[in-house]
$ cat query34.txt   # compact mmCIF, C-alpha atoms
# COMPACT_ATOMS: atom_id res chain seq x y z
CA MET A 157 -49.78 138.90 -14.21
CA GLN A 158 -51.72 136.08 -12.55
CA VAL A 159 -52.38 132.85 -14.44
CA SER A 160 -54.54 129.89 -13.51
CA VAL A 161 -54.41 126.69 -15.58
CA GLN A 162 -57.29 124.27 -16.10
CA GLN A 163 -56.84 121.03 -18.04
CA ILE A 164 -60.10 120.66 -20.00
CA ASP A 165 -59.07 117.37 -21.65
CA PRO A 166 -55.79 115.71 -22.65
CA VAL A 167 -55.40 118.09 -25.62
CA THR A 168 -57.03 121.30 -24.35
CA VAL A 169 -55.87 123.70 -21.66
CA GLN A 170 -57.71 126.80 -20.52
CA LEU A 171 -55.68 129.69 -19.15
CA THR A 172 -57.29 132.46 -17.12
CA ILE A 173 -54.96 135.46 -17.25
CA GLU A 174 -55.34 138.66 -15.24
CA THR A 175 -53.14 141.75 -15.34
CA ASP A 176 -53.10 144.73 -12.97
CA SER A 177 -54.55 148.16 -13.71
CA GLU A 178 -51.12 149.73 -14.31
CA THR A 179 -50.38 147.24 -17.10
CA VAL A 180 -53.77 147.98 -18.64
CA GLN A 181 -53.12 151.74 -18.56
CA ARG A 182 -49.72 151.26 -20.22
CA ALA A 183 -51.42 149.25 -23.01
CA PHE A 184 -53.96 152.06 -23.59
CA ASP A 185 -51.16 154.63 -23.70
CA LYS A 186 -49.13 152.47 -26.08
CA ALA A 187 -52.14 152.01 -28.35
CA ALA A 188 -52.81 155.74 -28.39
CA ARG A 189 -49.22 156.59 -29.25
CA PHE A 190 -49.18 154.03 -32.06
CA LEU A 191 -52.44 155.25 -33.54
CA GLY A 192 -51.42 158.89 -33.11
CA ARG A 193 -48.15 158.68 -35.02
CA ASN A 194 -49.60 160.60 -37.93
CA VAL A 195 -52.03 162.81 -36.01
CA ARG A 196 -51.20 166.45 -36.73
CA VAL A 197 -51.82 169.12 -34.10
CA PRO A 198 -50.80 172.75 -34.73
CA GLY A 199 -47.70 173.67 -32.75
CA PHE A 200 -46.46 170.07 -32.38
CA ARG A 201 -44.24 167.95 -34.62
CA PRO A 202 -45.63 164.54 -35.71
CA GLY A 203 -45.01 161.99 -32.96
CA GLN A 204 -44.51 164.73 -30.34
CA VAL A 205 -48.17 165.43 -29.56
CA PRO A 206 -48.94 165.04 -25.83
CA LEU A 207 -50.80 161.84 -24.95
CA SER A 208 -53.76 163.67 -23.47
CA MET A 209 -54.30 165.59 -26.70
CA LEU A 210 -53.92 162.43 -28.80
CA LYS A 211 -56.66 160.66 -26.85
CA GLN A 212 -59.00 163.56 -27.48
CA ARG A 213 -58.54 163.16 -31.24
CA LEU A 214 -58.65 159.37 -31.48
CA THR A 215 -61.77 157.19 -31.57
CA PRO A 216 -62.06 155.56 -28.10
CA ASP A 217 -63.24 152.21 -29.54
CA THR A 218 -60.22 152.05 -31.85
CA VAL A 219 -57.82 152.71 -28.98
CA ARG A 220 -59.65 150.19 -26.80
CA ARG A 221 -59.51 147.50 -29.50
CA LEU A 222 -55.78 147.91 -30.08
CA ALA A 223 -55.09 148.00 -26.33
CA SER A 224 -56.88 144.67 -25.88
CA GLU A 225 -54.83 143.15 -28.70
CA ILE A 226 -51.61 144.39 -27.09
CA LEU A 227 -52.60 142.99 -23.68
CA ILE A 228 -53.62 139.61 -25.09
CA GLU A 229 -50.56 139.21 -27.31
CA GLU A 230 -48.02 140.15 -24.64
CA ASN A 231 -49.56 138.29 -21.73
CA LEU A 232 -50.67 135.16 -23.60
CA GLU A 233 -47.24 134.68 -25.13
CA ARG A 234 -45.61 135.01 -21.70
CA ALA A 235 -48.13 132.66 -20.04
CA LEU A 236 -47.62 129.99 -22.70
CA LYS A 237 -43.86 130.22 -22.27
CA ASP A 238 -44.01 130.14 -18.46
CA HIS A 239 -46.19 127.01 -18.48
CA GLU A 240 -44.31 125.33 -21.36
CA LEU A 241 -47.40 125.11 -23.57
CA VAL A 242 -47.09 124.83 -27.35
CA PRO A 243 -50.41 125.56 -29.10
CA PHE A 244 -51.23 123.21 -31.97
CA ARG A 245 -53.63 125.82 -33.37
CA THR A 246 -54.33 129.46 -32.50
CA PRO A 247 -55.84 129.75 -29.01
CA ARG A 248 -59.42 130.98 -28.72
CA VAL A 249 -59.63 134.08 -26.53
CA GLU A 250 -62.59 135.36 -24.52
CA ILE A 251 -62.33 138.70 -22.69
CA GLU A 252 -64.05 138.65 -19.29
CA LYS A 253 -63.14 142.04 -17.82
CA PHE A 254 -61.75 145.09 -19.59
CA GLN A 255 -61.91 148.77 -18.65
CA GLU A 256 -59.23 151.45 -18.91
CA GLY A 257 -57.50 151.88 -15.58
CA GLU A 258 -58.86 148.60 -14.16
CA PRO A 259 -57.47 145.03 -14.08
CA PHE A 260 -57.83 143.06 -17.33
CA ARG A 261 -58.93 139.40 -17.33
CA PHE A 262 -59.35 137.01 -20.23
CA LYS A 263 -59.52 133.28 -20.89
CA ALA A 264 -57.53 131.48 -23.58
CA THR A 265 -58.54 128.01 -24.72
CA VAL A 266 -55.31 126.44 -25.97
CA PRO A 267 -55.48 123.42 -28.33
CA LEU A 268 -52.49 121.13 -27.88
CA LYS A 269 -50.97 118.49 -30.14
CA PRO A 270 -53.21 115.42 -30.64
CA VAL A 271 -52.39 112.58 -28.29
CA VAL A 272 -52.62 108.85 -28.99
CA GLU A 273 -53.29 107.70 -25.45
CA LYS A 274 -53.54 104.06 -26.47
CA LEU A 275 -52.46 102.41 -29.71
CA GLY A 276 -54.27 99.14 -30.23
CA ASP A 277 -52.46 95.96 -31.24
CA TYR A 278 -52.63 96.52 -34.98
CA THR A 279 -50.65 93.34 -35.68
CA ALA A 280 -53.51 91.24 -34.33
CA ILE A 281 -56.23 92.78 -36.52
CA GLU A 282 -57.41 90.46 -39.27
CA VAL A 283 -59.86 91.25 -42.03
CA ALA A 284 -60.74 88.71 -44.68
CA LEU A 285 -60.33 89.84 -48.27
CA PRO A 286 -63.22 88.38 -50.28
CA THR A 287 -62.75 86.31 -53.41
CA VAL A 288 -63.10 88.43 -56.53
CA THR A 289 -64.61 87.01 -59.71
CA VAL A 290 -65.58 88.40 -63.11
CA GLY A 291 -68.46 86.84 -65.00
CA ASP A 292 -68.75 86.57 -68.78
CA GLU A 293 -71.84 88.80 -68.76
CA GLU A 294 -69.86 91.58 -67.07
CA VAL A 295 -67.19 91.38 -69.76
CA LEU A 296 -69.74 91.41 -72.59
CA GLN A 297 -71.53 94.39 -71.08
CA ALA A 298 -68.27 96.30 -70.67
CA VAL A 299 -67.32 95.60 -74.30
CA GLU A 300 -70.77 96.76 -75.42
CA ASN A 301 -70.26 99.96 -73.44
CA LEU A 302 -67.03 100.49 -75.37
CA ARG A 303 -68.95 99.92 -78.58
CA GLN A 304 -71.50 102.54 -77.53
CA GLU A 305 -68.72 105.03 -76.82
CA ALA A 306 -67.20 104.38 -80.25
CA MET A 307 -70.52 104.95 -82.03
CA ARG A 308 -70.67 107.54 -84.80
CA ILE A 309 -73.72 109.37 -86.16
CA GLU A 310 -74.59 109.54 -89.87
CA PRO A 311 -77.43 111.45 -91.55
CA VAL A 312 -80.22 109.44 -93.18
CA ALA A 313 -81.37 111.23 -96.33
CA ASN A 314 -84.12 109.01 -97.73
CA GLY A 315 -84.85 106.52 -94.99
CA LYS A 316 -87.49 106.10 -92.32
CA ALA A 317 -87.04 106.72 -88.63
CA GLU A 318 -86.05 103.63 -86.63
CA ALA A 319 -85.41 102.86 -82.97
CA GLU A 320 -82.31 104.55 -81.54
CA ASP A 321 -82.23 107.16 -84.34
CA ARG A 322 -81.33 110.68 -83.22
CA LEU A 323 -84.12 112.91 -84.48
CA ILE A 324 -84.64 116.64 -84.71
CA ILE A 325 -88.36 117.28 -84.44
CA GLN A 326 -90.55 120.34 -84.39
CA LEU A 327 -93.71 120.61 -82.28
CA ARG A 328 -96.29 123.34 -82.77
CA PRO A 329 -99.42 123.48 -80.61
CA LEU A 330 -102.56 123.83 -82.76
CA GLU A 331 -104.09 126.21 -80.24
CA PRO A 332 -103.75 129.14 -80.22
CA GLU A 333 -103.26 129.71 -83.94
CA ASP A 334 -100.22 131.93 -83.41
CA ALA A 335 -98.46 129.39 -81.17
CA GLN A 336 -94.75 129.28 -81.96
CA PRO A 337 -93.12 125.95 -82.91
CA LYS A 338 -90.19 124.56 -80.89
CA ARG A 339 -87.44 122.14 -81.90
CA PHE A 340 -86.33 119.16 -79.83
CA LEU A 341 -83.56 116.58 -80.14
CA VAL A 342 -84.88 113.14 -79.19
CA ILE A 343 -83.81 109.51 -79.38
CA LEU A 344 -86.50 107.31 -80.89
CA GLY A 345 -87.59 104.79 -78.29
CA ARG A 346 -86.50 106.93 -75.33
CA THR A 347 -89.13 109.68 -75.28
CA PHE A 348 -92.63 108.45 -74.32
CA ALA A 349 -94.89 105.84 -75.91
CA GLU A 350 -97.26 108.16 -77.83
CA LEU A 351 -94.48 110.19 -79.40
CA ASP A 352 -92.28 107.15 -80.13
CA ASN A 353 -95.17 105.41 -81.89
CA ALA A 354 -95.89 108.53 -83.96
CA LEU A 355 -92.26 108.90 -85.05
CA VAL A 356 -91.60 105.30 -86.12
CA GLY A 357 -91.52 105.12 -89.92
CA MET A 358 -91.68 108.88 -90.51
CA GLN A 359 -89.41 110.44 -93.13
CA GLU A 360 -87.58 113.75 -93.12
CA ASN A 361 -89.89 116.77 -93.61
CA GLU A 362 -92.97 114.62 -92.97
CA THR A 363 -95.68 116.28 -90.86
CA LYS A 364 -98.65 114.90 -88.96
CA GLN A 365 -101.18 116.21 -86.48
CA LEU A 366 -102.05 114.34 -83.30
CA GLU A 367 -102.84 114.72 -79.62
CA LEU A 368 -100.05 113.97 -77.15
CA THR A 369 -100.02 113.66 -73.36
CA PHE A 370 -96.58 114.91 -72.33
CA PRO A 371 -94.84 113.48 -69.25
CA GLU A 372 -93.89 115.68 -66.31
CA SER A 373 -90.22 115.34 -67.27
CA TRP A 374 -90.69 116.83 -70.76
CA ASP A 375 -88.21 119.62 -71.43
CA ASP A 376 -90.78 122.38 -71.95
CA GLU A 377 -92.78 123.74 -69.05
CA HIS A 378 -95.60 124.78 -71.41
CA LEU A 379 -96.13 121.15 -72.51
CA ALA A 380 -95.03 119.08 -69.50
CA SER A 381 -97.88 117.15 -67.81
CA LYS A 382 -100.39 118.43 -70.38
CA THR A 383 -102.47 116.87 -73.17
CA VAL A 384 -102.03 119.04 -76.26
CA ALA A 385 -103.02 118.81 -79.93
CA VAL A 386 -99.84 119.44 -81.90
CA GLU A 387 -98.37 119.48 -85.37
CA LEU A 388 -95.34 117.15 -85.43
CA THR A 389 -92.65 117.61 -88.08
CA LEU A 390 -89.64 115.34 -88.45
CA GLN A 391 -86.83 117.58 -89.68
CA LYS A 392 -83.66 115.47 -89.49
CA ILE A 393 -82.76 111.80 -89.02
CA HIS A 394 -79.33 110.75 -87.79
CA ARG A 395 -78.59 107.06 -87.34
CA PRO A 396 -76.06 105.56 -84.91
CA ILE A 397 -73.42 103.36 -86.58
CA TYR A 398 -71.68 100.93 -84.26
CA PRO A 399 -68.25 99.42 -84.99
CA THR A 400 -68.02 95.72 -85.81
CA ASP A 401 -66.02 93.39 -83.55
CA GLU A 402 -63.01 93.74 -85.83
CA GLU A 403 -63.29 97.53 -85.95
CA LEU A 404 -63.73 97.77 -82.18
CA ALA A 405 -60.66 95.60 -81.52
CA GLU A 406 -58.58 97.67 -83.93
CA LEU A 407 -59.81 100.92 -82.38
CA PHE A 408 -58.51 99.83 -78.96
CA GLN A 409 -55.28 98.42 -80.47
CA HIS A 410 -56.07 94.72 -80.09
CA GLU A 411 -55.58 91.97 -82.63
CA SER A 412 -59.03 90.47 -82.06
CA ILE A 413 -62.25 90.94 -80.13
CA GLU A 414 -61.23 88.04 -77.88
CA SER A 415 -58.02 89.84 -76.97
CA LEU A 416 -60.06 92.96 -76.15
CA LYS A 417 -62.40 90.88 -73.99
CA GLU A 418 -59.47 89.39 -72.07
CA THR A 419 -57.97 92.84 -71.41
CA THR A 420 -61.39 94.06 -70.32
CA ARG A 421 -61.73 91.07 -67.96
CA ARG A 422 -58.37 91.87 -66.34
CA TYR A 423 -59.31 95.52 -65.99
CA ILE A 424 -62.60 94.66 -64.27
CA LEU A 425 -60.79 92.17 -62.02
CA GLU A 426 -58.20 94.76 -60.97
CA ARG A 427 -60.89 97.34 -60.29
CA LYS A 428 -62.98 94.91 -58.20
CA LEU A 429 -59.91 93.76 -56.33
CA GLN A 430 -58.92 97.35 -55.54
CA ASP A 431 -62.47 98.05 -54.34
CA ALA A 432 -62.25 94.99 -52.10
CA ILE A 433 -58.89 96.12 -50.72
CA ASP A 434 -60.24 99.63 -50.09
CA GLN A 435 -63.23 98.22 -48.20
CA ALA A 436 -61.02 95.89 -46.19
CA THR A 437 -58.65 98.78 -45.41
CA ASP A 438 -61.58 100.80 -44.07
CA GLN A 439 -62.49 97.83 -41.87
CA LEU A 440 -58.90 97.59 -40.62
CA LEU A 441 -58.82 101.28 -39.74
CA GLN A 442 -62.20 101.03 -38.02
CA ALA A 443 -60.95 98.10 -35.94
CA LEU A 444 -57.82 100.08 -35.09
CA ARG A 445 -59.90 103.05 -33.95
CA GLU A 446 -62.05 100.80 -31.79
CA ARG A 447 -58.96 99.33 -30.09
CA SER A 448 -57.23 102.69 -29.62
CA ALA A 449 -57.76 105.99 -27.82
CA VAL A 450 -56.78 109.20 -29.60
CA HIS A 451 -57.52 112.73 -28.39
CA ILE A 452 -57.87 115.54 -30.93
CA PRO A 453 -58.40 119.22 -30.03
CA GLN A 454 -61.75 120.67 -30.99
CA ALA A 455 -60.10 123.48 -32.96
CA LEU A 456 -58.45 120.93 -35.28
CA ILE A 457 -61.72 119.02 -35.73
CA ASP A 458 -63.46 122.28 -36.65
CA GLU A 459 -60.72 123.10 -39.16
CA GLU A 460 -60.85 119.67 -40.78
CA ALA A 461 -64.66 119.80 -40.92
CA ARG A 462 -64.46 123.09 -42.81
CA ASP A 463 -62.01 121.54 -45.28
CA GLU A 464 -64.23 118.46 -45.63
CA ALA A 465 -67.26 120.68 -46.30
CA GLN A 466 -65.32 122.56 -48.97
CA ARG A 467 -64.31 119.30 -50.67
CA PHE A 468 -67.93 118.15 -50.55
CA MET A 469 -69.17 121.37 -52.17
CA GLN A 470 -66.54 121.04 -54.92
CA GLN A 471 -67.82 117.52 -55.65
CA LEU A 472 -71.36 118.86 -55.95
CA VAL A 473 -70.17 121.47 -58.46
CA GLN A 474 -68.33 118.81 -60.48
CA ASN A 475 -71.52 116.73 -60.58
CA ASN A 476 -73.67 119.75 -61.51
CA LEU A 477 -75.69 119.44 -58.31
CA SER A 478 -76.83 122.16 -55.95
CA LEU A 479 -76.86 121.61 -52.20
CA GLU A 480 -80.67 121.70 -52.23
CA GLN A 481 -80.79 119.00 -54.93
CA PHE A 482 -78.41 116.79 -52.95
CA LEU A 483 -80.45 117.17 -49.77
CA GLN A 484 -83.64 116.34 -51.68
CA HIS A 485 -82.14 113.25 -53.33
CA SER A 486 -80.44 111.99 -50.17
CA GLY A 487 -83.34 112.69 -47.83
CA MET A 488 -80.96 114.40 -45.38
CA THR A 489 -81.45 117.64 -43.51
CA ARG A 490 -78.72 120.28 -43.38
CA GLU A 491 -78.07 119.35 -39.76
CA GLN A 492 -77.66 115.66 -40.67
CA LEU A 493 -75.32 116.55 -43.54
CA ASN A 494 -73.21 118.77 -41.30
CA GLU A 495 -72.96 116.01 -38.71
CA SER A 496 -71.99 113.49 -41.40
CA ILE A 497 -69.27 115.84 -42.66
CA ARG A 498 -68.04 116.38 -39.12
CA GLN A 499 -67.87 112.62 -38.47
CA ARG A 500 -65.88 112.08 -41.69
CA ALA A 501 -63.48 114.81 -40.62
CA LEU A 502 -63.06 113.22 -37.18
CA VAL A 503 -62.44 109.77 -38.65
CA ARG A 504 -59.87 111.19 -41.08
CA LEU A 505 -57.99 112.85 -38.23
CA GLN A 506 -58.13 109.76 -36.02
CA ASN A 507 -56.77 107.62 -38.86
CA THR A 508 -53.98 110.11 -39.53
CA PHE A 509 -52.66 110.27 -35.98
CA LEU A 510 -53.04 106.55 -35.35
CA LEU A 511 -51.03 105.82 -38.49
CA LEU A 512 -48.39 108.33 -37.38
CA ALA A 513 -48.26 106.48 -34.05
CA ILE A 514 -47.65 103.23 -35.94
CA ALA A 515 -44.89 104.99 -37.91
CA ASP A 516 -43.32 106.10 -34.63
CA GLN A 517 -43.52 102.62 -33.12
CA GLU A 518 -42.14 100.94 -36.25
CA GLN A 519 -39.57 103.74 -36.77
CA LEU A 520 -40.79 104.24 -40.33
CA GLN A 521 -39.00 107.04 -42.15
CA PRO A 522 -38.88 107.83 -45.88
CA ALA A 523 -35.57 107.88 -47.68
CA PRO A 524 -34.32 111.32 -48.81
CA GLU A 525 -34.91 110.39 -52.45
CA GLU A 526 -38.53 109.51 -51.65
CA VAL A 527 -39.08 112.93 -50.11
CA THR A 528 -37.46 114.60 -53.12
CA GLN A 529 -39.63 112.62 -55.53
CA TYR A 530 -42.78 113.45 -53.55
CA ILE A 531 -42.03 117.16 -53.73
CA GLU A 532 -41.09 117.01 -57.41
CA ASP A 533 -44.37 115.25 -58.19
CA LEU A 534 -46.23 117.96 -56.29
CA ILE A 535 -44.31 120.66 -58.14
CA GLU A 536 -45.13 119.01 -61.47
CA ARG A 537 -48.85 119.08 -60.63
CA SER A 538 -49.13 122.56 -59.17
CA ALA A 539 -46.18 124.87 -59.94
CA THR A 540 -46.42 127.01 -63.08
CA THR A 541 -43.34 129.26 -62.93
CA PRO A 542 -39.62 128.72 -62.23
CA GLN A 543 -39.93 131.04 -59.21
CA GLU A 544 -42.78 128.98 -57.76
CA ARG A 545 -40.85 125.73 -58.30
CA ALA A 546 -37.79 127.18 -56.55
CA ARG A 547 -39.93 128.42 -53.67
CA MET A 548 -41.55 124.99 -53.20
CA ARG A 549 -38.17 123.21 -53.23
CA ALA A 550 -36.92 125.56 -50.49
CA ASP A 551 -40.12 125.39 -48.39
CA GLU A 552 -39.27 123.71 -45.07
CA GLN A 553 -42.94 123.26 -44.17
CA LEU A 554 -43.52 121.46 -47.45
CA HIS A 555 -40.59 119.14 -46.74
CA TYR A 556 -42.01 118.41 -43.28
CA ARG A 557 -45.45 117.70 -44.75
CA ALA A 558 -43.93 115.42 -47.40
CA ILE A 559 -42.13 113.40 -44.71
CA GLN A 560 -45.31 113.05 -42.64
CA GLU A 561 -47.42 112.02 -45.65
CA LEU A 562 -44.87 109.39 -46.63
CA ARG A 563 -44.70 108.09 -43.04
CA ILE A 564 -48.50 107.75 -43.03
CA GLU A 565 -48.32 105.89 -46.35
CA LYS A 566 -45.70 103.49 -45.02
CA ALA A 567 -47.72 102.86 -41.85
CA LEU A 568 -50.82 102.11 -43.95
CA GLN A 569 -48.77 99.66 -46.01
CA LYS A 570 -47.66 98.01 -42.77
CA LEU A 571 -51.26 97.78 -41.58
CA THR A 572 -52.54 96.32 -44.86
CA ALA A 573 -49.61 93.99 -45.53
CA LYS A 574 -51.74 90.92 -44.81
CA LEU A 575 -54.35 92.08 -47.28
CA GLN A 576 -51.72 92.50 -49.96
CA ASN A 577 -50.51 88.97 -49.24
CA LYS A 578 -54.05 87.65 -49.70
CA ASP A 579 -54.34 89.56 -52.95
CA THR A 580 -53.44 86.75 -55.34
CA GLU A 581 -54.88 84.04 -53.10
CA GLY A 582 -58.31 85.61 -52.93
CA ALA A 583 -58.61 86.78 -56.52
CA THR A 584 -60.18 84.50 -59.07
CA PRO A 585 -59.15 85.53 -62.58

$ encode --input "query34.txt" --output "structure tokens"
Amino acid sequence: MQVSVQQIDPVTVQLTIETDSETVQRAFDKAARFLGRNVRVPGFRPGQVPLSMLKQRLTPDTVRRLASEILIEENLERALKDHELVPFRTPRVEIEKFQEGEPFRFKATVPLKPVVEKLGDYTAIEVALPTVTVGDEEVLQAVENLRQEAMRIEPVANGKAEAEDRLIIQLRPLEPEDAQPKRFLVILGRTFAELDNALVGMQENETKQLELTFPESWDDEHLASKTVAVELTLQKIHRPIYPTDEELAELFQHESIESLKETTRRYILERKLQDAIDQATDQLLQALRERSAVHIPQALIDEEARDEAQRFMQQLVQNNLSLEQFLQHSGMTREQLNESIRQRALVRLQNTFLLLAIADQEQLQPAPEEVTQYIEDLIERSATTPQERARMRADEQLHYRAIQELRIEKALQKLTAKLQNKDTEGATP
């Protein structure tokens, strides 16, 4: 076996491996014997059929495919060991020359462990945490939102339709005569001007005829964007009932509306402060990336980009959006979206390995009880059977991942320590 080594970049090595014709022939023979274990030929016991007869009964492409796998597995493993290379992900193989009875040559692109070539002086990075304030109008709006959420609906038997009432209406086009009526649930004041004006003051079971110009957004393709003479019937009126200040405070377990407002103010303050810390943390990590040099193998970037794309698609599903709808709303092309996803994946990886480098430099290690708690929390969230819980507790890879995640967390805390110190100084309650 002949091996040449080319260093593509600090984290990628390309091996060109060539074996002689005798080795290739042995691989073909081995493949044929393996595939022919259950081939039955009259006069021969299974496994005792001569090789020449086996090859006549086996599909050449199948033998060839298995032979190439044998050659790659045996020779690549040996080449990696001889050159003391430890792949960080599965090498990518490209066959250059392959014929039975002739030398075999292939290339293997080997991704190596990411390398932090330069770790910037993270202790010198400073990012100002902005002052956080909460205005009275924000508090009042938040309390009103709570009031909206606590609203209940009651039927109105003998009253007239008013703004914000939830109405069940029926619309029947006057032409053609056999046009079928359709029912709609609307909120008075939130449909469109002509219909809102017609509904104000109507009572249940009242009917009127009028001409309406429906907006493009109307939830009926036969009426949307059209001017139609219709018969309008108001079938049901339901009125929103909002809790008083006293009822709202009691509902959220507060003694008074002022106490509820104060709790709401603190909640808004904490949320804004956390948003400010998150933004400042992103700025810190960006500054760290700009001061550092980290090399990541392309195979790992591709893998992370696939994971990032999957997370993105899951978010679209949760928000009831299709990919086409997102692209239309965002004004992005598929190529731009893919590049954006790839950049997010790259930044995530750079952050991860730079934080691990900080953990190495600061000798940050989690305590055994922290690792145990991390795994138990994960088990609580994901394990459903006693067998699965036992398997996770015994999983060495899971323990290793827990340690690395906790080291990253500790390094991030080290990086953001100054922000945390500015927390109470910058916040204005």

$ atom_distance --input "query34.txt" --atom1 "CA of Ile457 in chain A" --atom2 "CA of Ser478 in chain A"
25.4 Å

$ atom_distance --input "query34.txt" --atom1 "CA of Leu302 in chain A" --atom2 "CA of Leu404 in chain A"
8.0 Å

$ residues_around --input "query34.txt" --residues "Glu518 in chain A" --least-positions-apart "4" --cutoff "12 Å" --atoms "all atoms listed in the file" --output "PDB file with C-alpha atoms, in the frame of the given file"
ATOM      1  CA  TYR A 278     -52.630  96.520 -34.980  1.00  0.00           C
ATOM      2  CA  THR A 279     -50.650  93.340 -35.680  1.00  0.00           C
ATOM      3  CA  LEU A 511     -51.030 105.820 -38.490  1.00  0.00           C
ATOM      4  CA  LEU A 512     -48.390 108.330 -37.380  1.00  0.00           C
ATOM      5  CA  ALA A 513     -48.260 106.480 -34.050  1.00  0.00           C
ATOM      6  CA  ILE A 514     -47.650 103.230 -35.940  1.00  0.00           C
ATOM      7  CA  ARG A 563     -44.700 108.090 -43.040  1.00  0.00           C
ATOM      8  CA  ILE A 564     -48.500 107.750 -43.030  1.00  0.00           C
ATOM      9  CA  LYS A 566     -45.700 103.490 -45.020  1.00  0.00           C
ATOM     10  CA  ALA A 567     -47.720 102.860 -41.850  1.00  0.00           C
ATOM     11  CA  LEU A 568     -50.820 102.110 -43.950  1.00  0.00           C
ATOM     12  CA  GLN A 569     -48.770  99.660 -46.010  1.00  0.00           C
ATOM     13  CA  LYS A 570     -47.660  98.010 -42.770  1.00  0.00           C
ATOM     14  CA  LEU A 571     -51.260  97.780 -41.580  1.00  0.00           C
TER      15      LEU A 571
END

$ closest_residue --input "query34.txt" --among "A:Ser448, A:Gln517, A:Gln162, A:Asn476" --to "Glu273 in chain A" --atoms "only C-alpha atoms"
A:Ser448

$ residues_around --input "query34.txt" --residues "Lys316 in chain A" --least-positions-apart "3" --cutoff "6 Å" --atoms "all atoms listed in the file" --output "list in words"
Gly357, Met358 and Gln359 of chain A

$ closest_residue --input "query34.txt" --among "A:Gln158, A:Gln336, A:Thr218, A:Gln181" --to "Asp238 in chain A" --atoms "only C-alpha atoms"
A:Gln158

$ closest_residue --input "query34.txt" --among "A:Thr437, A:Ser160, A:Ser208, A:Gln543" --to "Ala188 in chain A" --atoms "all atoms listed in the file"
A:Ser208

$ atom_distance --input "query34.txt" --atom1 "CA of Ile559 in chain A" --atom2 "CA of Gln521 in chain A"
7.5 Å

$ residues_near_point --input "query34.txt" --point "(-105.0, 123.2, -86.7)" --cutoff "10 Å" --atoms "only C-alpha atoms" --output "ChimeraX atom specification"
/A:328-333,365-366,385-387

$ residues_around --input "query34.txt" --residues "Asp217 in chain A" --least-positions-apart "5" --cutoff "12 Å" --atoms "all atoms listed in the file" --output "list in words"
Phe184, Ala187, Ala188, Leu191, Lys211, Leu222, Ala223, Ser224, Gln255 and Glu256 of chain A

$ closest_residue --input "query34.txt" --among "A:Asp376, A:Glu411, A:Glu230, A:Glu360" --to "Leu390 in chain A" --atoms "only C-alpha atoms"
A:Glu360

$ closest_residue --input "query34.txt" --among "A:Ile397, A:Leu241, A:Ala501, A:Val290" --to "Arg462 in chain A" --atoms "all atoms listed in the file"
A:Ala501

$ axis_aligned_box --input "query34.txt" --around "range 414-418 of chain A" --padding-each-side "3 Å" --output "lines of an AutoDock Vina configuration file"
center_x = -60.2
center_y = 90.5
center_z = -75.0
size_x = 10.4
size_y = 10.9
size_z = 11.8

$ residues_around --input "query34.txt" --residues "Gly192 in chain A" --least-positions-apart "4" --cutoff "9 Å" --atoms "all atoms listed in the file" --output "MDAnalysis selection string"
chainID A and resid 187:188 196 202:203 205 207 210:211 213:214

$ closest_residue --input "query34.txt" --among "A:Glu480, A:Ala183, A:Ala455, A:Phe190" --to "Pro243 in chain A" --atoms "only C-alpha atoms"
A:Ala455

$ residues_around --input "query34.txt" --residues "Lys263 in chain A" --least-positions-apart "3" --cutoff "9 Å" --atoms "only C-alpha atoms" --output "list in words"
Gln170, Leu171, Thr172, Ile173, Glu174, Arg248, Val249, Glu250, Ile251 and Glu252 of chain A

$ residues_near_point --input "query34.txt" --point "(-95.4, 114.6, -91.2)" --cutoff "7 Å" --atoms "only C-alpha atoms" --output "PDB file with C-alpha atoms, keeping the file's coordinate frame"
ATOM      1  CA  MET A 358     -91.680 108.880 -90.510  1.00  0.00           C
ATOM      2  CA  ASN A 361     -89.890 116.770 -93.610  1.00  0.00           C
ATOM      3  CA  GLU A 362     -92.970 114.620 -92.970  1.00  0.00           C
ATOM      4  CA  THR A 363     -95.680 116.280 -90.860  1.00  0.00           C
ATOM      5  CA  LYS A 364     -98.650 114.900 -88.960  1.00  0.00           C
ATOM      6  CA  LEU A 388     -95.340 117.150 -85.430  1.00  0.00           C
ATOM      7  CA  THR A 389     -92.650 117.610 -88.080  1.00  0.00           C
ATOM      8  CA  LEU A 390     -89.640 115.340 -88.450  1.00  0.00           C
TER       9      LEU A 390
END
